[in-house]
Amino acid sequence: TGFFFGTSDNSANGFDIKEDANYFDVSANDYNYISGGLVYFAFANSNVPADLNKYIVFKVYDDDGGYPGNLLGSDSLTLNQIHQDVLNNYLTEFKFSSPLKLPLSKTFYVSIDHSNFTWDNTTHDSIAIVANGDGDTTGAAFQFINVTGFGDSWYDLNQLYDININLFIFPYVSNSMDGCGVLPVSIFNFGGTIKDNQAYLNWSTATESNNKGFYVERSKNGKDFTSIGFVN
């Protein structure tokens, strides 16, 4: 894996990174809604305590010719909330007030907006989003950047930096507005760490009803999963 840094304000160097996003295509499935998701942050902090109250906005866009287009919905968390998740080795969960209807194309982008961050001689607001290593054939990461003299625009990281990566963003998609509400388990938290090239998962539940246990699955392409174990 590699860390993909989301520090926003680099205007002193001629550019200001406002959002980091990843593209998703679920057209091969019958999913119609997105209710939220998980993001794996490696770092989230500020050297100014008051700035921990700044908001990070999780957004969903439809597709406009290979780039994020219309905003479909958003949810916000404070930098401090994400900071606490990082300290506890948890993935950060975001949820929309009601599930968002996916576009007919079933293609969309999940973005992390940190445009209100500041990075200068006295203030260091920053986050780091975990990504896979360069060379992913399905690399679909994007950045929304203000370049001095050119304005705001979305950039494909493959074209901008010649790297193919996917950000560790995992959307909750379902075929109904009920989403995962029909499941007999309510997840309280879910986290993961990587050590010695192995992934370690940890989770806890708030409620369970007639639940036998959990199958742990993995996938190489994000679509086809195989079971690797069962936890009672």
# chains A, B, ... in the order shown; residues from 1 in each chain; ligands from 1

call {"tool": "closest_atom_pairs", "arguments": {"of": "region 12-72 of chain A", "to": "region 131-144 of chain A", "cutoff": "9 Å", "atoms": "only C-alpha atoms", "output": "Markdown table"}}
result
| residue | atom | partner | partner_atom | distance |
| --- | --- | --- | --- | --- |
| A:Asp16 | CA | A:Phe144 | CA | 8.6 |
| A:Ile17 | CA | A:Phe144 | CA | 6.1 |
| A:Lys18 | CA | A:Phe144 | CA | 5.5 |
| A:Glu19 | CA | A:Phe144 | CA | 5.0 |
| A:Asp20 | CA | A:Gln143 | CA | 4.6 |
| A:Ala21 | CA | A:Phe142 | CA | 5.0 |
| A:Asn22 | CA | A:Ala141 | CA | 4.5 |
| A:Tyr23 | CA | A:Ala140 | CA | 5.3 |
| A:Phe24 | CA | A:Ala140 | CA | 7.8 |
| A:Tyr40 | CA | A:Ala131 | CA | 8.4 |
| A:Tyr67 | CA | A:Phe142 | CA | 8.2 |
| A:Pro68 | CA | A:Phe142 | CA | 8.7 |

call {"tool": "select_by_dssp", "arguments": {"residues": "region 28-214 of chain A", "states": "alpha helix (DSSP H)", "output": "number ranges by chain"}}
result
A: 79-87, 157-161

call {"tool": "atom_distance", "arguments": {"atom1": "CA of Ile129 (chain A)", "atom2": "CA of Asp113 (chain A)"}}
result
11.9 Å

call {"tool": "closest_residue", "arguments": {"among": "A:Trp203, A:Tyr161, A:Phe230, A:Phe43", "to": "Tyr215 (chain A)", "atoms": "only C-alpha atoms"}}
result
A:Phe230

call {"tool": "residues_around", "arguments": {"residues": "Leu77 (chain A)", "least_positions_apart": "5", "cutoff": "8 Å", "atoms": "only C-alpha atoms", "output": "PDB file with C-alpha atoms, in the first residue's frame"}}
result
ATOM      1  CA  TYR A  55     -15.250  19.690   8.768  1.00  0.00           C
ATOM      2  CA  ILE A  56     -14.294  17.177   6.126  1.00  0.00           C
ATOM      3  CA  VAL A  57     -17.100  16.622   3.620  1.00  0.00           C
ATOM      4  CA  ILE A  82     -11.376  11.127  11.955  1.00  0.00           C
ATOM      5  CA  PHE A  94     -19.758   8.239   6.893  1.00  0.00           C
TER       6      PHE A  94
END

call {"tool": "select_by_dssp", "arguments": {"residues": "region 25-176 of chain A", "states": "strand (DSSP E)", "output": "VMD selection string"}}
result
chain A and resid 25 33 to 39 41 to 46 55 to 63 68 to 78 92 to 101 107 to 113 125 to 131 141 to 147 151 to 156 169 to 174
